[in-house]
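K.L.:
My questions all concern the structure below.
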Amino acid sequence: MHTIEQGEADETTHRVGEMTTATRAPREDGDDELDSADSYWIDAVQRAMRPAPAVLDEYTIATTARSARGISGDLSDVTVDSQRGYATVTVGDVMGKGLASGVLAANLLGSLEVFRQEPPGEAVDAAETATRDHFERASAFATLFHARLRFRDGRIEFVDAGHGLTAHAHTTGAVERIPSADFPIGLQPGGIPRLPRILHLAPGELLLIVTDGLFELPDASMHTLTQLAIELRTATHLQLALTAFLEAAGPDLDDDTTLTAIRRHP
C-alpha cells in the first residue's frame, strides 16, 4: 500500500488527503505458461486500469479490485486535477470476463482519459462515440459510473450509464442508493445525450461505487451494498477496510469485483 509523497507528485497532481488503491488477480493452478510468459503483460494491463495513488486534503478515495479470470473486464480510475480543484472518478464493468472484456474495458478507459477535462456528460458521450464500433462488433456493452468531485463543496456531477450500483451514506445513518438514468455504453440510442446529475457529499459522508461482482460474493444482496457503505463511512482506515472486505470472500471469485469509496472528512 502506497501513497504519493510530496516529491513524487507531478505539476497537476499533488498532495491535496489520502487516496490509495489495491488490486489482486488470482493465479490459476497448473498454468505454468501463464505464470512465466503472460503474467507480465497481464499485470501491466491490470495496473494500467487501476487508479494511480494520490493524496487529498479533505477527502479519502480508495479502490480495491479482484478479477475472476486473470484479467478483468472491470475498469476504474481516479484522476486528481489540483489546479482546477476536482477529481474525476470512474467505475465500470464490461459484460463477460477474461481477455475480450479486458480489451474493451481498456479501450473505454483510454477514451475517457482523452476526454477527462470535459464535464461528465460530454466525456461519456464522446467516449461512447469513440468506442461504439468496438462494442457493436463484439456484441457487448458496459455499465459505467463517471463523476467529477469538486473539492471546495463536495459537489459531484455524474453520469450513470446502466450501472446503478452506488450508495450514498449520510451522517444521519441513512443510506441512499443512486439508481441509473441512462442505458449502458453501447446501448444508448444514437443522438440521445447522456443525463448528468448532481449530488453533494457533505463532511463525514461517503459514496460507494461497486461493480456487480459484489453480488456474486457469498450471501451478498443489495443490502450488502448499503450496509458496507454505512460501515466504511466510519472505518478507521478506508483502504484497509475495503481490502479486508474483499479478501474475506476467499481466494476465488465468480466475477470481477471492484469497489471504490469516496469519503469526505468530517
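Scheme for the C-alpha cells: letters A, B, ... for chains in order shown; per-chain residue numbers from 1; ligand numbers from 1 in order shown.
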Might you pull out every residue within 12 Å of Asp74 (chain A), with only C-alpha atoms counted and same-chain residues fewer than 3 positions away left off, and present them as a PyMOL selection string?
P.N.:
chain A and resi 23+45-46+48-50+64-71+77+90-109+141-145+163+210-214+255-260
K.L.:
Out of region 58-237 of chain A, which residues get strand (DSSP E) from DSSP, as an NGL selection string?
P.N.:
:A and (59-66 or 74-81 or 86-94 or 142-150 or 155-161 or 166-169 or 175-178 or 197-200 or 206-210)
K.L.:
Just to be explicit: take each residue in the selection above, keep C-alpha atoms, and write the result as a PDB file, in the first residue's frame.
P.N.:
ATOM      1  CA  TYR A  59     -11.171  13.513   1.061  1.00  0.00           C
ATOM      2  CA  THR A  60     -10.098   9.897   1.088  1.00  0.00           C
ATOM      3  CA  ILE A  61     -10.608   7.938  -2.133  1.00  0.00           C
ATOM      4  CA  ALA A  62      -9.829   4.225  -2.031  1.00  0.00           C
ATOM      5  CA  THR A  63     -10.189   1.417  -4.553  1.00  0.00           C
ATOM      6  CA  THR A  64      -9.769  -2.331  -4.319  1.00  0.00           C
ATOM      7  CA  ALA A  65     -10.362  -4.843  -7.104  1.00  0.00           C
ATOM      8  CA  ARG A  66     -10.012  -8.522  -7.894  1.00  0.00           C
ATOM      9  CA  ASP A  74     -13.929  -4.012 -14.767  1.00  0.00           C
ATOM     10  CA  LEU A  75     -12.442  -0.552 -15.165  1.00  0.00           C
ATOM     11  CA  SER A  76     -11.710   2.110 -12.583  1.00  0.00           C
ATOM     12  CA  ASP A  77      -9.793   5.340 -12.460  1.00  0.00           C
ATOM     13  CA  VAL A  78      -9.233   8.364 -10.235  1.00  0.00           C
ATOM     14  CA  THR A  79      -7.566  11.456 -11.658  1.00  0.00           C
ATOM     15  CA  VAL A  80      -6.831  14.477  -9.480  1.00  0.00           C
ATOM     16  CA  ASP A  81      -6.603  17.922 -11.069  1.00  0.00           C
ATOM     17  CA  TYR A  86     -11.558  18.483  -8.748  1.00  0.00           C
ATOM     18  CA  ALA A  87     -11.094  14.731  -9.121  1.00  0.00           C
ATOM     19  CA  THR A  88     -12.557  12.555 -11.842  1.00  0.00           C
ATOM     20  CA  VAL A  89     -13.754   9.142 -10.637  1.00  0.00           C
ATOM     21  CA  THR A  90     -14.704   6.268 -12.949  1.00  0.00           C
ATOM     22  CA  VAL A  91     -16.010   2.763 -12.239  1.00  0.00           C
ATOM     23  CA  GLY A  92     -17.320   0.471 -14.962  1.00  0.00           C
ATOM     24  CA  ASP A  93     -17.963  -3.117 -15.953  1.00  0.00           C
ATOM     25  CA  VAL A  94     -17.798  -4.637 -19.434  1.00  0.00           C
ATOM     26  CA  ALA A 142     -20.555  -1.781 -20.483  1.00  0.00           C
ATOM     27  CA  THR A 143     -22.116  -0.190 -17.434  1.00  0.00           C
ATOM     28  CA  LEU A 144     -20.382   2.948 -16.238  1.00  0.00           C
ATOM     29  CA  PHE A 145     -20.353   5.472 -13.388  1.00  0.00           C
ATOM     30  CA  HIS A 146     -18.324   8.550 -14.336  1.00  0.00           C
ATOM     31  CA  ALA A 147     -18.160  11.528 -11.983  1.00  0.00           C
ATOM     32  CA  ARG A 148     -16.394  14.782 -11.175  1.00  0.00           C
ATOM     33  CA  LEU A 149     -15.899  15.660  -7.499  1.00  0.00           C
ATOM     34  CA  ARG A 150     -15.412  19.372  -6.785  1.00  0.00           C
ATOM     35  CA  ARG A 155     -20.399  18.691  -5.408  1.00  0.00           C
ATOM     36  CA  ILE A 156     -20.388  15.535  -7.538  1.00  0.00           C
ATOM     37  CA  GLU A 157     -21.594  15.751 -11.118  1.00  0.00           C
ATOM     38  CA  PHE A 158     -22.014  12.278 -12.570  1.00  0.00           C
ATOM     39  CA  VAL A 159     -23.396  10.114 -15.321  1.00  0.00           C
ATOM     40  CA  ASP A 160     -24.676   6.634 -14.529  1.00  0.00           C
ATOM     41  CA  ALA A 161     -24.858   4.593 -17.728  1.00  0.00           C
ATOM     42  CA  THR A 166     -23.805   3.393  -5.958  1.00  0.00           C
ATOM     43  CA  ALA A 167     -24.703   4.110  -2.326  1.00  0.00           C
ATOM     44  CA  HIS A 168     -24.530   7.483  -0.546  1.00  0.00           C
ATOM     45  CA  ALA A 169     -24.077   7.128   3.223  1.00  0.00           C
ATOM     46  CA  VAL A 175     -28.185   5.393   3.003  1.00  0.00           C
ATOM     47  CA  GLU A 176     -29.448   6.433  -0.400  1.00  0.00           C
ATOM     48  CA  ARG A 177     -28.930   4.111  -3.358  1.00  0.00           C
ATOM     49  CA  ILE A 178     -28.327   6.023  -6.590  1.00  0.00           C
ATOM     50  CA  ARG A 197     -26.942  14.533 -12.394  1.00  0.00           C
ATOM     51  CA  ILE A 198     -25.723  16.227  -9.224  1.00  0.00           C
ATOM     52  CA  LEU A 199     -25.283  15.103  -5.635  1.00  0.00           C
ATOM     53  CA  HIS A 200     -23.411  16.701  -2.742  1.00  0.00           C
ATOM     54  CA  LEU A 206     -19.297   8.599   1.895  1.00  0.00           C
ATOM     55  CA  LEU A 207     -20.079   7.492  -1.629  1.00  0.00           C
ATOM     56  CA  LEU A 208     -19.514   3.825  -2.515  1.00  0.00           C
ATOM     57  CA  ILE A 209     -19.465   2.624  -6.131  1.00  0.00           C
ATOM     58  CA  VAL A 210     -19.173  -1.107  -6.884  1.00  0.00           C
TER      59      VAL A 210
END
K.L.:
Would you kindly return, as a list in words, each protein, DNA or RNA residue with an atom no farther than 10 Å from any atom of Asp125 (chain A), considering only C-alpha atoms and excluding same-chain residues fewer than 2 positions away?
P.N.:
Leu112, Phe115, Pro120, Gly121, Glu122, Ala123, Ala127, Glu128, Thr129, Ala130, Val159, Ile185, Gln188, Gly190, Gly191, Ile192, Pro193, Arg194 and Leu195 of chain A
K.L.:
If you run DSSP over the backbone, which residues in region 61-231 of chain A end up alpha helix (DSSP H)? Put them as JSON, numbers by chain.
P.N.:
{"A": [99, 100, 101, 102, 103, 104, 105, 106, 107, 108, 109, 110, 111, 112, 113, 114, 120, 121, 122, 123, 124, 125, 126, 127, 128, 129, 130, 131, 132, 133, 134, 135, 136, 137, 222, 223, 224, 225, 226, 227, 228, 229, 230, 231]}
K.L.:
Between CA of Leu253 (chain A) and CA of Leu217 (chain A), measure the distance and give it in Å to one decimal.
P.N.:
7.3 Å
K.L.:
Which value, in Å to one decimal, gives the distance between CA of Glu216 (chain A) and CA of Leu165 (chain A)?
P.N.:
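Rounded to one decimal, the two atoms are 13.6 Å apart.
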K.L.:
Please compute the CA of Thr243 (chain A)-CA of Pro203 (chain A) distance, one decimal, in Å.
P.N.:
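Taking CA of Thr243 (chain A) as the start and CA of Pro203 (chain A) as the end point, the length is 23.4 Å.
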